[in-house]
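Below: upload-v7.cif (mmCIF, C-alpha atoms)
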```
data_input
loop_
_atom_site.label_atom_id
_atom_site.label_comp_id
_atom_site.auth_asym_id
_atom_site.auth_seq_id
_atom_site.Cartn_x
_atom_site.Cartn_y
_atom_site.Cartn_z
CA MET A 1 85.07 108.78 50.72
CA PRO A 2 84.19 108.44 54.44
CA ARG A 3 86.74 105.66 55.00
CA ASP A 4 89.57 107.70 53.47
CA THR A 5 88.65 110.72 55.60
CA THR A 6 88.58 108.59 58.75
CA LYS A 7 91.95 107.02 57.94
CA LYS A 8 93.50 110.45 57.37
CA ILE A 9 92.18 111.84 60.66
CA LEU A 10 93.25 108.80 62.67
CA ALA A 11 96.73 108.80 61.12
CA ASP A 12 97.66 111.84 63.24
CA ASP A 13 99.62 110.24 66.08
CA SER A 14 99.85 113.54 67.97
CA LYS A 15 96.26 113.01 69.15
CA ILE A 16 94.67 110.88 71.80
CA TRP A 17 90.94 110.08 71.64
CA LEU A 18 89.04 110.09 74.96
CA SER A 19 85.51 108.72 75.47
CA LYS A 20 82.87 111.40 76.08
CA LYS A 21 79.40 109.93 75.43
CA GLN A 22 77.75 106.52 75.32
CA LEU A 23 74.49 105.29 73.83
CA LEU A 24 72.42 102.59 75.50
CA SER A 25 69.12 100.98 74.56
CA GLN A 26 67.12 97.92 75.48
CA GLN A 27 67.32 94.75 73.44
CA THR A 28 64.50 92.22 73.50
CA SER A 29 63.58 89.10 71.56
CA ARG A 30 62.15 91.44 68.91
CA GLY A 31 65.44 93.28 68.37
CA LEU A 32 66.84 96.65 69.40
CA SER A 33 64.65 99.33 70.92
CA GLU A 34 64.85 102.76 69.31
CA GLN A 35 64.47 104.41 72.72
CA ILE A 36 68.12 105.36 73.12
CA THR A 37 69.69 106.91 76.21
CA VAL A 38 72.66 109.25 75.85
CA SER A 39 75.01 109.50 78.83
CA ASN A 40 78.16 111.51 79.42
CA ILE A 41 81.24 109.52 80.35
CA THR A 42 83.91 110.52 82.83
CA GLN A 43 87.38 109.03 82.56
CA GLN A 44 87.03 107.81 86.13
CA THR A 45 83.97 105.66 85.39
CA ALA A 46 84.97 104.53 81.89
CA PRO A 47 88.64 105.19 81.26
CA LYS A 48 88.63 104.35 77.56
CA GLN A 49 90.87 105.86 74.94
CA TRP A 50 92.29 105.32 71.48
CA GLN A 51 95.64 106.44 70.14
CA MET A 52 97.51 105.89 66.88
CA ILE A 53 100.90 104.33 67.66
CA LYS A 54 103.23 103.37 64.80
CA GLY A 55 100.36 103.13 62.33
CA GLN A 56 98.10 101.03 64.54
CA LEU A 57 95.10 102.19 66.55
CA THR A 58 95.72 101.22 70.17
CA ASN A 59 93.31 100.74 73.05
CA GLN A 60 94.21 99.45 76.53
CA SER A 61 97.65 98.38 75.26
CA VAL A 62 96.16 96.28 72.43
CA SER A 63 96.89 97.37 68.86
CA TYR A 64 94.42 97.00 65.99
CA GLN A 65 94.66 97.38 62.23
CA PRO A 66 91.89 98.67 59.93
CA ILE A 67 90.12 96.13 57.73
CA SER A 68 87.30 96.27 55.19
CA PHE A 69 83.66 95.62 55.99
CA LYS A 70 83.76 92.39 53.97
CA LYS A 71 86.82 91.06 55.81
CA TRP A 72 85.34 92.07 59.16
CA GLN A 73 82.14 90.14 58.39
CA HIS A 74 84.16 87.05 57.54
CA ASP A 75 86.66 87.24 60.41
CA SER A 76 84.09 88.05 63.11
CA ARG A 77 82.12 84.89 62.27
CA ARG A 78 84.72 82.36 61.19
CA SER A 79 85.34 80.89 64.65
CA LEU A 80 81.64 80.59 65.49
CA ILE A 81 79.55 77.47 64.99
CA LYS A 82 76.73 77.80 62.44
CA SER A 83 73.94 77.69 65.02
CA TYR A 84 75.52 80.65 66.82
CA GLN A 85 76.08 82.56 63.58
CA LYS A 86 72.34 82.47 62.93
CA THR A 87 71.71 84.47 66.11
CA LEU A 88 73.92 87.36 64.94
CA HIS A 89 72.45 90.32 63.08
CA LEU A 90 73.86 93.45 61.49
CA ILE A 91 72.27 96.76 62.35
CA THR A 92 70.63 98.62 59.48
CA VAL A 93 71.99 101.78 57.89
CA ALA A 94 69.02 103.64 59.39
CA GLN A 95 69.92 102.38 62.89
CA ALA A 96 73.54 103.43 62.35
CA ASN A 97 72.47 106.93 61.29
CA THR A 98 70.14 107.20 64.29
CA ALA A 99 73.06 106.38 66.59
CA LEU A 100 75.31 108.90 64.83
CA LYS A 101 72.67 111.61 65.17
CA LYS A 102 72.20 110.86 68.88
CA LEU A 103 75.95 111.34 69.35
CA GLY A 104 75.78 114.73 67.63
CA ALA A 105 76.99 113.85 64.13
CA ASN A 106 75.79 116.14 61.33
CA PHE A 107 76.27 113.56 58.57
CA LYS A 108 74.90 110.18 57.51
CA ILE A 109 76.40 107.03 56.06
CA SER A 110 75.14 105.30 52.93
CA HIS A 111 76.37 101.80 53.73
CA LEU A 112 77.97 100.02 56.68
CA SER A 113 81.13 99.79 54.57
CA ASP A 114 81.56 103.55 55.15
CA PHE A 115 82.84 102.58 58.59
CA ILE A 116 86.37 101.42 59.33
CA PHE A 117 86.49 98.08 61.12
CA LEU A 118 89.30 96.81 63.34
CA GLU A 119 90.99 93.56 64.24
CA THR A 120 94.20 92.64 66.02
CA LYS A 121 97.33 92.28 63.92
CA THR A 122 97.14 88.50 64.21
CA GLY A 123 93.56 88.59 62.92
CA GLN A 124 92.30 86.60 65.90
CA VAL A 125 90.11 89.28 67.49
CA THR A 126 87.73 91.76 65.86
CA ILE A 127 85.87 94.67 67.45
CA ASN A 128 82.09 94.68 67.30
CA GLN A 129 81.99 98.33 66.22
CA GLY A 130 82.46 100.42 63.12
CA PHE A 131 84.45 103.66 63.34
CA ILE A 132 84.04 106.92 61.48
CA ALA A 133 85.69 110.28 62.17
CA LYS A 134 85.02 113.90 61.33
CA GLY A 135 86.99 116.84 62.67
CA ASN A 136 87.92 116.10 66.26
CA GLN A 137 85.11 113.56 66.77
CA LEU A 138 85.45 109.79 66.50
CA TYR A 139 82.23 107.76 66.45
CA ALA A 140 82.23 104.06 67.38
CA ILE A 141 78.91 102.46 66.42
CA SER A 142 78.01 98.90 67.44
CA THR A 143 77.22 97.19 64.14
CA GLN A 144 76.29 93.68 65.24
CA TYR A 145 74.06 92.19 67.92
CA ARG A 146 72.91 88.75 69.00
CA ASP A 147 69.39 87.49 69.65
CA SER A 148 68.35 87.66 73.28
CA ASN A 149 65.36 85.97 74.89
CA GLU A 150 65.63 88.16 77.98
CA PRO A 151 65.59 91.98 77.95
CA THR A 152 69.12 93.33 78.20
CA THR A 153 70.95 96.64 77.88
CA PHE A 154 72.86 97.06 74.63
CA ASN A 155 75.73 99.46 73.97
CA ARG A 156 74.74 101.25 70.75
CA GLY A 157 77.87 103.36 70.41
CA GLN A 158 80.33 105.86 71.81
CA LEU A 159 81.70 109.29 71.01
CA PHE A 160 85.41 110.03 71.41
CA THR A 161 86.92 113.51 71.27
CA SER A 162 90.51 114.14 70.26
CA HIS A 163 93.03 115.92 72.45
CA LYS A 164 96.25 117.28 71.00
CA ILE A 165 98.92 115.56 73.05
CA ALA A 166 101.62 118.17 72.57
CA ALA A 167 99.42 121.28 72.77
CA ASN A 168 101.60 122.51 75.63
CA PRO A 169 105.40 122.44 75.84
CA THR A 170 106.85 118.96 76.00
CA ALA A 171 108.96 118.06 79.01
CA LYS A 172 112.69 118.16 78.40
CA PRO A 173 114.95 115.30 79.55
CA VAL A 174 116.59 115.93 82.91
CA THR A 175 118.59 113.79 85.33
CA LEU A 176 117.14 112.95 88.74
CA ASN A 177 119.99 114.49 90.76
CA HIS A 178 119.27 117.88 89.16
CA LEU A 179 115.80 117.89 90.73
CA ASN A 180 116.90 117.99 94.38
CA GLY A 181 115.60 121.02 96.23
CA THR A 182 112.53 122.96 97.33
CA TRP A 183 109.64 123.51 94.91
CA ILE A 184 106.97 126.16 95.51
CA ALA A 185 103.55 126.75 93.88
CA ALA A 186 103.28 130.50 94.28
CA ASP A 187 99.61 130.70 93.24
CA THR A 188 98.37 128.00 95.64
CA THR A 189 96.11 128.87 98.55
CA THR A 190 97.83 126.87 101.24
CA SER A 191 96.03 124.54 103.62
CA ALA A 192 96.84 121.64 105.92
CA ASN A 193 96.20 119.30 102.98
CA ASP A 194 98.08 121.39 100.41
CA THR A 195 101.05 123.42 101.60
CA GLY A 196 102.03 124.53 98.10
CA LYS A 197 105.49 123.12 98.73
CA MET A 198 107.28 120.00 97.48
CA MET A 199 110.64 118.67 98.53
CA VAL A 200 112.78 116.53 96.24
CA LYS A 201 115.77 114.51 97.38
CA ASP A 202 117.60 111.59 95.79
CA GLY A 203 114.78 110.30 93.61
CA PHE A 204 111.86 110.90 95.98
CA LEU A 205 109.15 113.56 96.14
CA TYR A 206 108.11 114.63 99.66
CA GLN A 207 105.13 116.67 100.84
CA GLN A 208 103.44 117.42 104.15
CA ARG A 209 99.73 116.64 104.60
CA TYR A 210 98.20 117.35 108.00
CA ASP A 211 100.34 115.40 110.50
CA SER A 212 101.98 113.18 107.87
CA LEU A 213 105.03 113.47 105.66
CA GLU A 214 104.33 111.54 102.45
CA ARG A 215 106.84 110.45 99.85
CA SER A 216 106.64 108.95 96.39
CA ALA A 217 109.19 107.66 93.92
CA ILE A 218 110.21 109.89 91.02
CA GLN A 219 110.30 107.62 87.99
CA ASP A 220 112.51 108.01 84.95
CA LEU A 221 110.30 106.28 82.38
CA SER A 222 113.17 105.91 79.92
CA GLN A 223 114.33 103.06 82.17
CA TYR A 224 111.30 101.00 81.09
CA SER A 225 110.87 99.31 77.73
CA LEU A 226 108.21 100.70 75.43
CA MET A 227 106.41 97.35 75.49
CA THR A 228 106.32 97.35 79.29
CA LEU A 229 104.80 100.83 79.41
CA ASN A 230 102.26 100.17 76.65
CA GLN A 231 101.02 97.11 78.55
CA ASN A 232 100.78 98.95 81.88
CA THR A 233 97.24 100.10 82.71
CA THR A 234 98.40 102.45 85.48
CA TYR A 235 100.72 104.24 83.05
CA ALA A 236 97.83 104.42 80.55
CA ALA A 237 95.62 106.10 83.17
CA GLN A 238 98.34 108.63 84.02
CA LYS A 239 98.85 109.28 80.32
CA ARG A 240 95.13 110.04 79.97
CA ALA A 241 95.31 112.46 82.89
CA ALA A 242 98.15 114.33 81.21
CA ALA A 243 96.35 114.39 77.85
CA GLN A 244 93.19 115.83 79.39
CA ALA A 245 95.31 118.73 80.62
CA ASP A 246 96.90 119.04 77.15
CA TYR A 247 100.28 117.73 78.27
CA GLU A 248 102.10 114.59 77.26
CA LEU A 249 103.41 111.81 79.48
CA THR A 250 105.89 109.91 77.32
CA PRO A 251 108.33 107.01 77.68
CA LYS A 252 111.00 109.69 78.18
CA SER A 253 109.20 111.60 80.95
CA ILE A 254 110.27 111.97 84.56
CA ALA A 255 107.18 111.89 86.75
CA SER A 256 105.66 110.96 90.08
CA GLY A 257 102.28 110.64 91.78
CA ASP A 258 100.70 110.67 95.21
CA SER A 259 98.03 109.05 97.37
CA ILE A 260 95.35 111.55 96.30
CA GLY A 261 95.75 110.75 92.62
CA TYR A 262 97.73 113.71 91.31
CA LEU A 263 100.26 113.33 88.52
CA TYR A 264 103.54 115.24 88.90
CA LEU A 265 105.33 115.92 85.62
CA PHE A 266 108.82 117.45 85.62
CA MET A 267 109.02 119.74 82.59
CA ASN A 268 112.70 120.53 83.23
CA ASP A 269 115.00 121.02 86.23
CA HIS A 270 113.08 124.07 87.50
CA VAL A 271 109.41 123.59 86.49
CA LEU A 272 107.12 120.89 87.93
CA LEU A 273 103.45 120.47 87.01
CA ARG A 274 100.82 118.92 89.27
CA ILE A 275 97.92 117.61 87.18
CA GLY A 276 94.60 116.43 88.59
CA ALA A 277 91.16 117.37 89.90
CA GLY A 278 90.58 119.41 86.75
CA GLN A 279 93.51 121.73 87.42
CA THR A 280 97.17 122.11 86.52
CA THR A 281 99.38 123.72 89.17
CA SER A 282 102.89 124.93 88.38
CA TYR A 283 105.75 124.58 90.89
CA GLN A 284 109.07 126.40 90.56
CA LYS A 285 112.30 125.22 92.16
CA THR A 286 113.27 128.05 94.49
CA ASP A 287 116.26 126.46 96.20
CA SER A 288 118.55 123.52 95.53
CA GLN A 289 118.74 122.93 99.29
CA LEU A 290 116.14 121.59 101.74
CA ALA A 291 115.35 123.22 105.07
CA ALA A 292 115.53 120.89 108.08
CA SER A 293 112.03 122.05 109.03
CA ASP A 294 110.72 120.66 105.73
CA LEU A 295 112.66 117.38 105.62
CA SER A 296 114.48 116.63 108.85
CA GLN A 297 117.52 114.40 109.17
CA THR A 298 115.50 112.21 111.56
CA ASN A 299 112.81 111.55 108.97
CA GLN A 300 115.42 110.83 106.31
CA ILE A 301 117.02 108.24 108.61
CA ILE A 302 113.66 106.58 109.30
CA PHE A 303 112.77 106.31 105.61
CA LYS A 304 116.20 105.02 104.61
CA GLN A 305 116.61 102.44 107.36
CA LEU A 306 113.12 100.97 107.03
CA ASP A 307 113.67 100.60 103.28
CA GLN A 308 116.82 98.65 104.08
CA GLN A 309 115.32 96.57 106.89
CA LYS A 310 112.11 95.64 105.06
CA PRO A 311 112.95 94.17 101.63
CA GLY A 312 109.99 94.22 99.27
CA GLU A 313 108.40 97.09 101.21
CA ALA A 314 108.85 100.85 101.21
CA ALA A 315 108.27 103.46 103.90
CA SER A 316 105.49 105.64 102.51
CA THR A 317 104.45 108.04 105.28
CA ILE A 318 105.65 109.26 108.66
CA THR A 319 102.92 110.51 110.98
CA VAL A 320 103.65 112.28 114.25
CA LYS A 321 100.85 113.37 116.58
CA ALA A 322 101.03 113.27 120.37
CA GLY A 323 103.13 110.11 120.60
CA PRO A 324 106.03 108.51 118.71
CA ALA A 325 106.43 108.48 114.95
CA VAL A 326 104.26 105.97 113.08
CA VAL A 327 105.50 104.84 109.67
CA GLY A 328 103.05 103.61 107.04
CA MET A 329 104.60 100.88 104.88
CA SER A 330 103.58 100.12 101.29
CA LYS A 331 104.53 97.56 98.67
CA SER A 332 105.48 100.29 96.22
CA LEU A 333 105.95 104.04 95.84
CA LYS A 334 105.90 103.98 92.02
CA TYR A 335 102.60 105.72 91.32
CA ILE A 336 103.16 105.98 87.56
CA THR A 337 103.35 102.24 86.94
CA ASP A 338 101.99 100.46 90.04
CA ALA A 339 98.31 100.55 91.04
CA THR A 340 99.19 99.46 94.60
CA ALA A 341 101.57 102.37 95.20
CA GLY A 342 101.02 104.16 98.50
CA GLN A 343 98.51 101.66 99.85
CA ILE A 344 99.41 101.22 103.52
CA THR A 345 99.84 97.55 104.41
CA LYS A 346 101.55 97.92 107.79
CA ASP A 347 102.14 100.50 110.53
CA ILE A 348 105.49 100.56 112.31
CA VAL A 349 105.90 102.53 115.54
CA ILE A 350 109.39 103.98 116.09
CA SER A 351 110.35 104.00 119.76
CA ASP A 352 113.71 105.73 119.56
CA ILE A 353 116.67 106.81 117.43
CA GLN A 354 120.12 106.50 118.99
CA ASN A 355 123.39 107.21 117.18
CA GLY A 356 121.61 107.20 113.85
CA GLN A 357 119.90 103.83 114.44
CA ILE A 358 116.15 103.40 114.77
CA SER A 359 114.41 101.14 117.29
CA ILE A 360 111.03 99.64 116.44
CA ALA A 361 108.43 99.47 119.21
CA SER A 362 105.73 97.56 117.33
CA GLU A 363 104.36 96.52 113.94
CA SER A 364 100.73 96.03 112.98
CA ALA A 365 99.25 94.96 109.65
CA GLN A 366 96.49 97.06 108.10
#
```
What is this file in structure tokens?
Amino acid sequence: MPRDTTKKILADDSKIWLSKKQLLSQQTSRGLSEQITVSNITQQTAPKQWQMIKGQLTNQSVSYQPISFKKWQHDSRRSLIKSYQKTLHLITVAQANTALKKLGANFKISHLSDFIFLETKTGQVTINQGFIAKGNQLYAISTQYRDSNEPTTFNRGQLFTSHKIAANPTAKPVTLNHLNGTWIAADTTTSANDTGKMMVKDGFLYQQRYDSLERSAIQDLSQYSLMTLNQNTTYAAQKRAAAQADYELTPKSIASGDSIGYLYLFMNDHVLLRIGAGQTTSYQKTDSQLAASDLSQTNQIIFKQLDQQKPGEAASTITVKAGPAVVGMSKSLKYITDATAGQITKDIVISDIQNGQISIASESAQ
């Protein structure tokens, strides 16, 4: 039975399903056009995913339970007034099979009840799609549409492909103070934008880019509740990035990010992975100490004192060109859970440091 096969495939909670293709067609007052456009989806333009968590299929932090076709028909219409219900139509089996074929499926359904339908656990919200899986492909076919007097674009369906979350070694728990030191990516071709070197000290990740020293918070995700993480869209995006590289970002991970969009995943106390831009780069800790040329005492003082002097803000970058040091301030440095992390809101010019105390020459909002 197609439904039983789909349930069995989706029950594997070691997989994450990422959107790959989408079907679009025109809808007019005469119904759906059979001229269907197939487009590839990137996670940047349509970051959509499904994952089985504790027996429930989850998307964008919302969990759904499978229901029958009959129950879906009832629940999707029960809150609608009768005049509105008359404008809703089910697609035909032939239309469903056309959509499946366009998405690359090599099978057909016999009835719309071959699909699995979803609604929230409370039963208040249903999804306007039927789901069917085969192998590592999950097909989501739009099964209902509403009359439209004006031509409009209609989403006919999507294809999701599974990624094995734990295909690569899973990160082992480690304490933050064991990460301090110098980390080198031996295989990196160094440049002004990528030195192939990371510095870690007291819960922060530092790296040099051009004339700026950038830092980001290293986050121990075990300090967050599972509910908090599952409802966090930034964490969900970072989790997708890890899954696309066949690694797993979990509620027990220790990780960081940066202003470019890379994810940094600490596998243990001597291996760090940088994930992003279609590549995974491995860093090895080569020394538990930091050279003053990489992270000077002066820069450490500036970061620390501005954090203390500016509650609710964090010193993100220090840039030194011809003149004095300019510090870029941000609201947050927590790239794994905060979408605003690293966004510069203010520049502070440091005029002097005497006896370990900084003097501020000026401040300007960005």
At what distance in Å, to one decimal, does CA of Pro324 (chain A) lie from CA of Lys310 (chain A)?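 Rounded to one decimal, the two atoms are 19.7 Å apart.
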Report as an mmCIF file with C-alpha atoms, in the coordinates of the input the residues that result from applying the PyMOL selection byres ((chain A and resi 249-257) around 8) to the structure here.
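Output file expr26.cif follows:
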```cif
data_model
loop_
_atom_site.group_PDB
_atom_site.id
_atom_site.type_symbol
_atom_site.label_atom_id
_atom_site.label_comp_id
_atom_site.auth_asym_id
_atom_site.auth_seq_id
_atom_site.Cartn_x
_atom_site.Cartn_y
_atom_site.Cartn_z
ATOM 1 C CA ALA A 171 108.960 118.060 79.010
ATOM 2 C CA LYS A 172 112.690 118.160 78.400
ATOM 3 C CA PRO A 173 114.950 115.300 79.550
ATOM 4 C CA VAL A 174 116.590 115.930 82.910
ATOM 5 C CA LEU A 205 109.150 113.560 96.140
ATOM 6 C CA SER A 216 106.640 108.950 96.390
ATOM 7 C CA ALA A 217 109.190 107.660 93.920
ATOM 8 C CA ILE A 218 110.210 109.890 91.020
ATOM 9 C CA GLN A 219 110.300 107.620 87.990
ATOM 10 C CA ASP A 220 112.510 108.010 84.950
ATOM 11 C CA LEU A 221 110.300 106.280 82.380
ATOM 12 C CA SER A 222 113.170 105.910 79.920
ATOM 13 C CA TYR A 224 111.300 101.000 81.090
ATOM 14 C CA LEU A 226 108.210 100.700 75.430
ATOM 15 C CA LEU A 229 104.800 100.830 79.410
ATOM 16 C CA GLN A 238 98.340 108.630 84.020
ATOM 17 C CA LYS A 239 98.850 109.280 80.320
ATOM 18 C CA ALA A 242 98.150 114.330 81.210
ATOM 19 C CA ALA A 243 96.350 114.390 77.850
ATOM 20 C CA TYR A 247 100.280 117.730 78.270
ATOM 21 C CA GLU A 248 102.100 114.590 77.260
ATOM 22 C CA ASP A 258 100.700 110.670 95.210
ATOM 23 C CA SER A 259 98.030 109.050 97.370
ATOM 24 C CA GLY A 261 95.750 110.750 92.620
ATOM 25 C CA TYR A 262 97.730 113.710 91.310
ATOM 26 C CA LEU A 263 100.260 113.330 88.520
ATOM 27 C CA TYR A 264 103.540 115.240 88.900
ATOM 28 C CA LEU A 265 105.330 115.920 85.620
ATOM 29 C CA PHE A 266 108.820 117.450 85.620
ATOM 30 C CA LYS A 334 105.900 103.980 92.020
ATOM 31 C CA TYR A 335 102.600 105.720 91.320
ATOM 32 C CA ILE A 336 103.160 105.980 87.560
#
```
If we count only C-alpha atoms and set the cut-off at 12 Å, which residues sit around Leu100 (chain A), ignoring sequence neighbours fewer than 3 positions away in its own chain? Please answer as a count of residues only. 34
How many Å lie between CA of Trp17 (chain A) and CA of Ser162 (chain A), rounded to one decimal? 4.3 Å
Applying the PyMOL selection byres ((chain A and resi 70-84) around 9) to the file I just gave you, which residues come out? Please list them as a count of residues only. 18
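Look at region 281-285 of chain A: the protein and nucleic acid residues within 8 Å of it, using all atoms listed in the file and passing over chain neighbours fewer than 4 places away, are A:Gly181, A:Thr182, A:Trp183, A:Ile184, A:Ala185, A:Ala186, A:Thr188, A:Lys197, A:Asp269, A:His270, A:Val271, A:Leu272, A:Leu273, A:Arg274, A:Ile275.
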Close residues, Asp294 (chain A) itself excluded, 9 Å, only C-alpha atoms, min 5 positions apart in chain, as a PyMOL selection string: chain A and resi 182+198-199+206-208
Taking only C-alpha atoms into account, which of A:Gln366, A:Ala236, A:Leu306, A:Gln354 comes nearest Asp338 (chain A)?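 Distance minimum relative to Asp338 (chain A) lands on A:Ala236.
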Of the candidates A:Thr122, A:Gln297, A:Ser33, A:Thr286, which one gets nearest to Phe154 (chain A) if we count only C-alpha atoms?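 For Phe154 (chain A), the nearest of the given residues is A:Ser33.
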Once you add 8 Å to each side, what are the centre and edge lengths of the axis-aligned box holding all listed atoms of region 281-288 of chain A? One decimal in Å, as JSON, if you can.
```
{"center_x": 109.0, "center_y": 125.8, "center_z": 92.3, "size_x": 35.2, "size_y": 20.5, "size_z": 23.8}
```
Would you compute the distance between CA of Ile91 (chain A) and CA of Gly135 (chain A)? Give it in Å to one decimal. 24.9 Å
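With distances restricted to all atoms listed in the file, A:Gln289 is the closest residue to Val200 (chain A) from A:Gln289, A:Gln244, A:Ser351, A:Gln357.
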Shortest interatomic distance to Leu32 (chain A) - which of A:Ser364, A:Gln65, A:Thr152, A:Thr5, counting all atoms listed in the file: A:Thr152
Counting only C-alpha atoms, which residue out of A:Val326, A:Gln26, A:His111, A:Gly31 sits closest to Pro151 (chain A)?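 When distances to Pro151 (chain A) are compared using only C-alpha atoms, the smallest one comes from A:Gln26.
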